Amino acid sequence: MNKKSRTVFRPLDGLLLLDKPAGLSSNQALQQVRHLFRAEKAGHTGSLDPLATGLLPICFGEATKIAGLLLGSRKAYETTAVLGATTDTDDADGVVLLERPVPVLDPGVIHDAMAPLQGRISQRAPIYSALKQGGEPLYAKARRGESIEAPIREVEVHRFELVDHHGQALRLRVECGSGTYVRSLVRDLGERLGCGAHVTVLRRTWVDPFREPRMFTLEQLRDIAAEGEVALDACLLPIEQGLVDFPKVELDPEHQVRFGHGQPVACEPAGDGVVAVANAQGKCLGLGQRHGALLAPQRLFRWAVPA
């Protein structure tokens, strides 16, 4: 019997916009992609539930250094909520806790119930979530049957719209900030309607700055991989694409060397904050913190110092 060959990993830098399939955790999808690309280092920018599909940005190599920035970005989802039942996970993967009759609902009633769930709101996270309590994810505690008090946090819901309403199913569109749970929005909407609700379909359509993403499914990537790694690597975006929303500061060769060695350099004063720092050819060197006319290195890519 032939033993399965071990993956020989390689240095690889860039961003992949993965269309995550349903049924896999974000980490499972990440590991499949990492092995397909043979990338030494990889991370994703914000978990999707196993039930969910859609955009999961994958960072390879030096791109993992900007994963935290993408994690905090604005996101958009399309979801289907089924009225009349609540579950322990707030989605269709959970156990039904309570069933209630669904009243006759016109669009006006639904819109009125959705209105308080927009803007800056307080939201209770699902019990089955990746949030950690005492260093352990809540879902691990929930699976052991422990009593859990899920945290209440302030989140930003920019848009919460009714797309369609058929019978007991609502199709909804959500745009929100980091840390917002669509499952919680649907759960809370169901309570406001008096009948309960849970998510049956959830798809992430974009994450800033990738508003019109060209996503690749695992099946597509496997087909492309059969053509060779040159074709596969062509699916990657450069790290610069993940930083297009940040102000940019270009450095001349002399300042680049100082910056690459971790030393502050002079810059044109244009407001304080985090900036993307590039060389004269537009290659991003890393992130810097601008304070008036001074630019301090914050996170450097390995090529920040010229060879």
# chains A, B, ... in the order shown; residues from 1 in each chain; ligands from 1
>>> select_by_dssp(residues="stretch 10-249 of chain A", states="alpha helix (DSSP H)", output="PDB file with N, CA and C atoms, in the first residue's frame")
ATOM      1  N   SER A  26     -14.298  27.277   8.875  1.00  0.00           N
ATOM      2  CA  SER A  26     -13.343  28.148   8.192  1.00  0.00           C
ATOM      3  C   SER A  26     -11.935  27.576   8.261  1.00  0.00           C
ATOM      4  N   ASN A  27     -11.586  26.966   9.384  1.00  0.00           N
ATOM      5  CA  ASN A  27     -10.244  26.401   9.516  1.00  0.00           C
ATOM      6  C   ASN A  27     -10.062  25.186   8.620  1.00  0.00           C
ATOM      7  N   GLN A  28     -11.105  24.368   8.485  1.00  0.00           N
ATOM      8  CA  GLN A  28     -11.014  23.219   7.580  1.00  0.00           C
ATOM      9  C   GLN A  28     -10.813  23.682   6.142  1.00  0.00           C
ATOM     10  N   ALA A  29     -11.556  24.718   5.744  1.00  0.00           N
ATOM     11  CA  ALA A  29     -11.393  25.258   4.394  1.00  0.00           C
ATOM     12  C   ALA A  29     -10.000  25.835   4.211  1.00  0.00           C
ATOM     13  N   LEU A  30      -9.519  26.552   5.228  1.00  0.00           N
ATOM     14  CA  LEU A  30      -8.176  27.129   5.182  1.00  0.00           C
ATOM     15  C   LEU A  30      -7.125  26.043   4.981  1.00  0.00           C
ATOM     16  N   GLN A  31      -7.223  24.952   5.728  1.00  0.00           N
ATOM     17  CA  GLN A  31      -6.206  23.906   5.640  1.00  0.00           C
ATOM     18  C   GLN A  31      -6.220  23.227   4.272  1.00  0.00           C
ATOM     19  N   GLN A  32      -7.404  23.046   3.687  1.00  0.00           N
ATOM     20  CA  GLN A  32      -7.462  22.455   2.350  1.00  0.00           C
ATOM     21  C   GLN A  32      -6.780  23.364   1.329  1.00  0.00           C
ATOM     22  N   VAL A  33      -7.051  24.664   1.436  1.00  0.00           N
ATOM     23  CA  VAL A  33      -6.443  25.623   0.511  1.00  0.00           C
ATOM     24  C   VAL A  33      -4.936  25.703   0.735  1.00  0.00           C
ATOM     25  N   ARG A  34      -4.537  25.720   1.982  1.00  0.00           N
ATOM     26  CA  ARG A  34      -3.098  25.806   2.288  1.00  0.00           C
ATOM     27  C   ARG A  34      -2.344  24.633   1.673  1.00  0.00           C
ATOM     28  N   HIS A  35      -2.882  23.418   1.785  1.00  0.00           N
ATOM     29  CA  HIS A  35      -2.216  22.252   1.221  1.00  0.00           C
ATOM     30  C   HIS A  35      -2.256  22.280  -0.301  1.00  0.00           C
ATOM     31  N   LEU A  36      -3.337  22.793  -0.858  1.00  0.00           N
ATOM     32  CA  LEU A  36      -3.440  22.869  -2.313  1.00  0.00           C
ATOM     33  C   LEU A  36      -2.366  23.794  -2.886  1.00  0.00           C
ATOM     34  N   PHE A  37      -2.142  24.922  -2.206  1.00  0.00           N
ATOM     35  CA  PHE A  37      -1.128  25.885  -2.653  1.00  0.00           C
ATOM     36  C   PHE A  37       0.260  25.555  -2.109  1.00  0.00           C
ATOM     37  N   ALA A  67      -3.925  40.494   8.202  1.00  0.00           N
ATOM     38  CA  ALA A  67      -5.167  39.761   8.450  1.00  0.00           C
ATOM     39  C   ALA A  67      -6.025  40.463   9.500  1.00  0.00           C
ATOM     40  N   GLY A  68      -5.381  41.007  10.532  1.00  0.00           N
ATOM     41  CA  GLY A  68      -6.134  41.693  11.584  1.00  0.00           C
ATOM     42  C   GLY A  68      -6.874  42.909  11.073  1.00  0.00           C
ATOM     43  N   LEU A  69      -6.287  43.600  10.089  1.00  0.00           N
ATOM     44  CA  LEU A  69      -6.952  44.766   9.497  1.00  0.00           C
ATOM     45  C   LEU A  69      -8.197  44.345   8.731  1.00  0.00           C
ATOM     46  N   LEU A  70      -8.083  43.259   7.967  1.00  0.00           N
ATOM     47  CA  LEU A  70      -9.227  42.780   7.191  1.00  0.00           C
ATOM     48  C   LEU A  70     -10.301  42.201   8.105  1.00  0.00           C
ATOM     49  N   LEU A  71      -9.882  41.634   9.220  1.00  0.00           N
ATOM     50  CA  LEU A  71     -10.826  41.066  10.186  1.00  0.00           C
ATOM     51  C   LEU A  71     -11.796  42.126  10.697  1.00  0.00           C
ATOM     52  N   PRO A 107     -45.280  43.475   5.007  1.00  0.00           N
ATOM     53  CA  PRO A 107     -43.935  44.059   4.979  1.00  0.00           C
ATOM     54  C   PRO A 107     -43.736  45.184   5.974  1.00  0.00           C
ATOM     55  N   GLY A 108     -44.780  45.980   6.226  1.00  0.00           N
ATOM     56  CA  GLY A 108     -44.654  47.084   7.168  1.00  0.00           C
ATOM     57  C   GLY A 108     -44.336  46.609   8.569  1.00  0.00           C
ATOM     58  N   VAL A 109     -44.997  45.536   9.005  1.00  0.00           N
ATOM     59  CA  VAL A 109     -44.739  44.978  10.334  1.00  0.00           C
ATOM     60  C   VAL A 109     -43.304  44.461  10.429  1.00  0.00           C
ATOM     61  N   ILE A 110     -42.846  43.802   9.370  1.00  0.00           N
ATOM     62  CA  ILE A 110     -41.486  43.263   9.370  1.00  0.00           C
ATOM     63  C   ILE A 110     -40.461  44.397   9.402  1.00  0.00           C
ATOM     64  N   HIS A 111     -40.684  45.423   8.591  1.00  0.00           N
ATOM     65  CA  HIS A 111     -39.764  46.567   8.573  1.00  0.00           C
ATOM     66  C   HIS A 111     -39.719  47.249   9.937  1.00  0.00           C
ATOM     67  N   ASP A 112     -40.880  47.386  10.589  1.00  0.00           N
ATOM     68  CA  ASP A 112     -40.911  48.010  11.922  1.00  0.00           C
ATOM     69  C   ASP A 112     -40.117  47.195  12.936  1.00  0.00           C
ATOM     70  N   ALA A 113     -40.187  45.868  12.809  1.00  0.00           N
ATOM     71  CA  ALA A 113     -39.458  45.008  13.737  1.00  0.00           C
ATOM     72  C   ALA A 113     -37.953  45.059  13.473  1.00  0.00           C
ATOM     73  N   MET A 114     -37.571  45.308  12.214  1.00  0.00           N
ATOM     74  CA  MET A 114     -36.149  45.351  11.860  1.00  0.00           C
ATOM     75  C   MET A 114     -35.489  46.673  12.232  1.00  0.00           C
ATOM     76  N   LEU A 138     -16.860  29.526  23.337  1.00  0.00           N
ATOM     77  CA  LEU A 138     -18.158  29.249  23.939  1.00  0.00           C
ATOM     78  C   LEU A 138     -18.753  27.938  23.434  1.00  0.00           C
ATOM     79  N   TYR A 139     -18.530  27.627  22.130  1.00  0.00           N
ATOM     80  CA  TYR A 139     -19.154  26.420  21.593  1.00  0.00           C
ATOM     81  C   TYR A 139     -18.628  25.161  22.285  1.00  0.00           C
ATOM     82  N   ALA A 140     -17.366  25.188  22.747  1.00  0.00           N
ATOM     83  CA  ALA A 140     -16.810  24.034  23.450  1.00  0.00           C
ATOM     84  C   ALA A 140     -17.524  23.828  24.785  1.00  0.00           C
ATOM     85  N   LYS A 141     -17.777  24.935  25.477  1.00  0.00           N
ATOM     86  CA  LYS A 141     -18.503  24.851  26.749  1.00  0.00           C
ATOM     87  C   LYS A 141     -19.954  24.379  26.515  1.00  0.00           C
ATOM     88  N   ALA A 142     -20.573  24.925  25.455  1.00  0.00           N
ATOM     89  CA  ALA A 142     -21.963  24.571  25.161  1.00  0.00           C
ATOM     90  C   ALA A 142     -22.103  23.089  24.834  1.00  0.00           C
ATOM     91  N   ARG A 143     -21.124  22.556  24.091  1.00  0.00           N
ATOM     92  CA  ARG A 143     -21.189  21.133  23.727  1.00  0.00           C
ATOM     93  C   ARG A 143     -21.067  20.219  24.938  1.00  0.00           C
ATOM     94  N   VAL A 182     -24.935  37.577  12.364  1.00  0.00           N
ATOM     95  CA  VAL A 182     -26.200  37.575  11.619  1.00  0.00           C
ATOM     96  C   VAL A 182     -27.192  36.635  12.306  1.00  0.00           C
ATOM     97  N   ARG A 183     -26.705  35.534  12.856  1.00  0.00           N
ATOM     98  CA  ARG A 183     -27.598  34.612  13.584  1.00  0.00           C
ATOM     99  C   ARG A 183     -28.310  35.328  14.728  1.00  0.00           C
ATOM    100  N   SER A 184     -27.596  36.197  15.425  1.00  0.00           N
ATOM    101  CA  SER A 184     -28.219  36.942  16.526  1.00  0.00           C
ATOM    102  C   SER A 184     -29.250  37.936  16.010  1.00  0.00           C
ATOM    103  N   LEU A 185     -28.937  38.597  14.874  1.00  0.00           N
ATOM    104  CA  LEU A 185     -29.909  39.515  14.277  1.00  0.00           C
ATOM    105  C   LEU A 185     -31.199  38.792  13.946  1.00  0.00           C
ATOM    106  N   VAL A 186     -31.076  37.626  13.321  1.00  0.00           N
ATOM    107  CA  VAL A 186     -32.257  36.848  12.937  1.00  0.00           C
ATOM    108  C   VAL A 186     -33.011  36.376  14.173  1.00  0.00           C
ATOM    109  N   ARG A 187     -32.283  35.902  15.173  1.00  0.00           N
ATOM    110  CA  ARG A 187     -32.920  35.474  16.424  1.00  0.00           C
ATOM    111  C   ARG A 187     -33.702  36.614  17.056  1.00  0.00           C
ATOM    112  N   ASP A 188     -33.088  37.796  17.128  1.00  0.00           N
ATOM    113  CA  ASP A 188     -33.739  38.938  17.762  1.00  0.00           C
ATOM    114  C   ASP A 188     -34.917  39.442  16.932  1.00  0.00           C
ATOM    115  N   LEU A 189     -34.808  39.363  15.599  1.00  0.00           N
ATOM    116  CA  LEU A 189     -35.932  39.734  14.744  1.00  0.00           C
ATOM    117  C   LEU A 189     -37.106  38.799  14.992  1.00  0.00           C
ATOM    118  N   GLY A 190     -36.828  37.510  15.106  1.00  0.00           N
ATOM    119  CA  GLY A 190     -37.892  36.546  15.383  1.00  0.00           C
ATOM    120  C   GLY A 190     -38.604  36.831  16.693  1.00  0.00           C
ATOM    121  N   GLU A 191     -37.850  37.245  17.699  1.00  0.00           N
ATOM    122  CA  GLU A 191     -38.479  37.571  18.991  1.00  0.00           C
ATOM    123  C   GLU A 191     -39.332  38.826  18.872  1.00  0.00           C
ATOM    124  N   ARG A 192     -38.878  39.797  18.111  1.00  0.00           N
ATOM    125  CA  ARG A 192     -39.659  41.019  17.934  1.00  0.00           C
ATOM    126  C   ARG A 192     -40.952  40.746  17.159  1.00  0.00           C
ATOM    127  N   LEU A 218     -13.435  25.682  -3.933  1.00  0.00           N
ATOM    128  CA  LEU A 218     -12.416  24.640  -3.788  1.00  0.00           C
ATOM    129  C   LEU A 218     -12.346  23.777  -5.047  1.00  0.00           C
ATOM    130  N   GLU A 219     -13.497  23.490  -5.647  1.00  0.00           N
ATOM    131  CA  GLU A 219     -13.520  22.682  -6.866  1.00  0.00           C
ATOM    132  C   GLU A 219     -12.778  23.395  -8.002  1.00  0.00           C
ATOM    133  N   GLN A 220     -13.019  24.697  -8.144  1.00  0.00           N
ATOM    134  CA  GLN A 220     -12.321  25.453  -9.180  1.00  0.00           C
ATOM    135  C   GLN A 220     -10.816  25.451  -8.942  1.00  0.00           C
ATOM    136  N   LEU A 221     -10.420  25.612  -7.698  1.00  0.00           N
ATOM    137  CA  LEU A 221      -8.992  25.640  -7.383  1.00  0.00           C
ATOM    138  C   LEU A 221      -8.333  24.291  -7.666  1.00  0.00           C
ATOM    139  N   ARG A 222      -9.034  23.208  -7.381  1.00  0.00           N
ATOM    140  CA  ARG A 222      -8.474  21.878  -7.676  1.00  0.00           C
ATOM    141  C   ARG A 222      -8.300  21.688  -9.183  1.00  0.00           C
ATOM    142  N   ASP A 223      -9.274  22.167  -9.953  1.00  0.00           N
ATOM    143  CA  ASP A 223      -9.162  22.065 -11.410  1.00  0.00           C
ATOM    144  C   ASP A 223      -7.983  22.890 -11.923  1.00  0.00           C
ATOM    145  N   ILE A 224      -7.832  24.104 -11.369  1.00  0.00           N
ATOM    146  CA  ILE A 224      -6.731  24.970 -11.791  1.00  0.00           C
ATOM    147  C   ILE A 224      -5.392  24.367 -11.373  1.00  0.00           C
ATOM    148  N   ALA A 225      -5.353  23.748 -10.182  1.00  0.00           N
ATOM    149  CA  ALA A 225      -4.111  23.142  -9.696  1.00  0.00           C
ATOM    150  C   ALA A 225      -3.626  22.047 -10.636  1.00  0.00           C
ATOM    151  N   GLU A 229       1.242  24.919 -10.823  1.00  0.00           N
ATOM    152  CA  GLU A 229       1.267  25.951  -9.787  1.00  0.00           C
ATOM    153  C   GLU A 229       1.329  27.363 -10.350  1.00  0.00           C
ATOM    154  N   VAL A 230       1.845  27.529 -11.560  1.00  0.00           N
ATOM    155  CA  VAL A 230       1.843  28.868 -12.162  1.00  0.00           C
ATOM    156  C   VAL A 230       0.404  29.335 -12.357  1.00  0.00           C
ATOM    157  N   ALA A 231      -0.456  28.448 -12.852  1.00  0.00           N
ATOM    158  CA  ALA A 231      -1.866  28.787 -13.035  1.00  0.00           C
ATOM    159  C   ALA A 231      -2.550  29.008 -11.695  1.00  0.00           C
ATOM    160  N   LEU A 232      -2.203  28.191 -10.707  1.00  0.00           N
ATOM    161  CA  LEU A 232      -2.804  28.324  -9.383  1.00  0.00           C
ATOM    162  C   LEU A 232      -2.408  29.641  -8.728  1.00  0.00           C
ATOM    163  N   ASP A 233      -1.130  29.982  -8.809  1.00  0.00           N
ATOM    164  CA  ASP A 233      -0.648  31.220  -8.189  1.00  0.00           C
ATOM    165  C   ASP A 233      -1.248  32.459  -8.849  1.00  0.00           C
TER     166      ASP A 233
END
>>> atom_distance(atom1="atom CA of A:Gly119", atom2="atom CA of A:Thr89")
24.1 Å
>>> select_by_dssp(residues="stretch 50-281 of chain A", states="strand (DSSP E)", output="PyMOL selection string")
chain A and resi 53-60+75-83+85-87+96-99+119-124+132-133+136-137+152-166+169-176+197-207+248-250+265-266+273-278
>>> residues_around(residues="A:Arg100", least_positions_apart="6", cutoff="8 Å", atoms="only C-alpha atoms", output="list in words")
Gly84, Ala85, Cys195 and Gly196 of chain A
>>> write_last_selection(atoms="N, CA and C atoms", output="PDB file, in the first residue's frame")
ATOM      1  N   GLY A  84     -40.887  30.864  13.208  1.00  0.00           N
ATOM      2  CA  GLY A  84     -41.688  29.872  13.903  1.00  0.00           C
ATOM      3  C   GLY A  84     -40.918  28.909  14.774  1.00  0.00           C
ATOM      4  N   ALA A  85     -39.588  28.927  14.722  1.00  0.00           N
ATOM      5  CA  ALA A  85     -38.799  28.011  15.547  1.00  0.00           C
ATOM      6  C   ALA A  85     -37.485  28.666  15.939  1.00  0.00           C
ATOM      7  N   CYS A 195     -42.568  35.178  17.159  1.00  0.00           N
ATOM      8  CA  CYS A 195     -42.683  33.781  16.747  1.00  0.00           C
ATOM      9  C   CYS A 195     -41.351  33.043  16.714  1.00  0.00           C
ATOM     10  N   GLY A 196     -40.269  33.762  16.938  1.00  0.00           N
ATOM     11  CA  GLY A 196     -38.949  33.138  16.856  1.00  0.00           C
ATOM     12  C   GLY A 196     -38.492  32.958  15.423  1.00  0.00           C
TER      13      GLY A 196
END
>>> closest_residue(among="A:Thr180, A:Val163, A:Lys75, A:Gln168", to="A:Gln118", atoms="only C-alpha atoms")
A:Thr180
>>> residues_around(residues="A:Pro247", least_positions_apart="4", cutoff="9 Å", atoms="only C-alpha atoms", output="list in words")
Leu243, Gly273, Val274, Val275, Ala276 and Val277 of chain A
>>> atom_distance(atom1="atom CA of A:Asp93", atom2="atom CA of A:Ser73")
26.7 Å
>>> residues_around(residues="A:Leu300", least_positions_apart="5", cutoff="12 Å", atoms="only C-alpha atoms", output="list of chain:residue names")
A:Glu62, A:Ala63, A:Thr64, A:Lys65, A:Ile66, A:Gln256, A:Val257, A:Arg258, A:Phe259, A:Gly260, A:His261, A:Gly262, A:Gln263, A:Val275, A:Ala276, A:Val277, A:Ala278, A:Cys284, A:Leu285, A:Gly286, A:Leu287, A:Gly288, A:Gln289, A:Val305
>>> residues_around(residues="A:Phe60", least_positions_apart="5", cutoff="10 Å", atoms="only C-alpha atoms", output="ChimeraX atom specification")
/A:11-16,34,37,39-44,65,67,236,239
>>> write_last_selection(atoms="C-alpha atoms", output="compact mmCIF listing (two decimals), in the first residue's frame")
# COMPACT_ATOMS: atom_id res chain seq x y z
CA PRO A 11 7.16 30.34 0.75
CA LEU A 12 4.15 32.07 -0.78
CA ASP A 13 2.76 35.59 -0.34
CA GLY A 14 -0.61 36.95 -1.41
CA LEU A 15 -4.36 36.96 -0.90
CA LEU A 16 -6.91 34.43 -2.09
CA ARG A 34 -3.10 25.81 2.29
CA PHE A 37 -1.13 25.89 -2.65
CA ALA A 39 1.85 27.52 1.45
CA GLU A 40 4.18 27.55 4.46
CA LYS A 41 2.03 30.06 6.31
CA ALA A 42 -1.67 30.88 5.99
CA GLY A 43 -4.52 32.46 7.91
CA HIS A 44 -8.06 33.63 7.31
CA LYS A 65 0.45 40.53 8.77
CA ALA A 67 -5.17 39.76 8.45
CA LEU A 236 -3.71 35.27 -5.87
CA ILE A 239 -0.87 42.24 -0.66
>>> closest_atom_pairs(of="stretch 147-213 of chain A", to="stretch 48-56 of chain A", cutoff="12 Å", atoms="only C-alpha atoms", output="Markdown table")
| residue | atom | partner | partner_atom | distance |
| --- | --- | --- | --- | --- |
| A:Gly179 | CA | A:Leu48 | CA | 11.6 |
| A:Thr180 | CA | A:Leu48 | CA | 11.7 |
| A:Tyr181 | CA | A:Leu48 | CA | 10.1 |
| A:Val182 | CA | A:Asp49 | CA | 10.4 |
| A:Arg183 | CA | A:Asp49 | CA | 9.8 |
| A:Val199 | CA | A:Leu51 | CA | 9.2 |
| A:Thr200 | CA | A:Leu51 | CA | 8.0 |
| A:Val201 | CA | A:Ala52 | CA | 6.8 |
| A:Leu202 | CA | A:Ala52 | CA | 4.8 |
| A:Arg203 | CA | A:Thr53 | CA | 4.7 |
| A:Arg204 | CA | A:Gly54 | CA | 4.6 |
| A:Thr205 | CA | A:Gly54 | CA | 5.9 |
| A:Trp206 | CA | A:Leu55 | CA | 6.1 |
| A:Val207 | CA | A:Leu55 | CA | 7.3 |
| A:Asp208 | CA | A:Leu55 | CA | 10.7 |
| A:Pro209 | CA | A:Leu55 | CA | 11.9 |
| A:Phe210 | CA | A:Leu55 | CA | 9.2 |
| A:Arg211 | CA | A:Leu55 | CA | 10.3 |
| A:Glu212 | CA | A:Leu55 | CA | 10.4 |
| A:Pro213 | CA | A:Leu55 | CA | 7.9 |
>>> atom_distance(atom1="atom CA of A:Arg299", atom2="atom CA of A:Val244")
16.3 Å
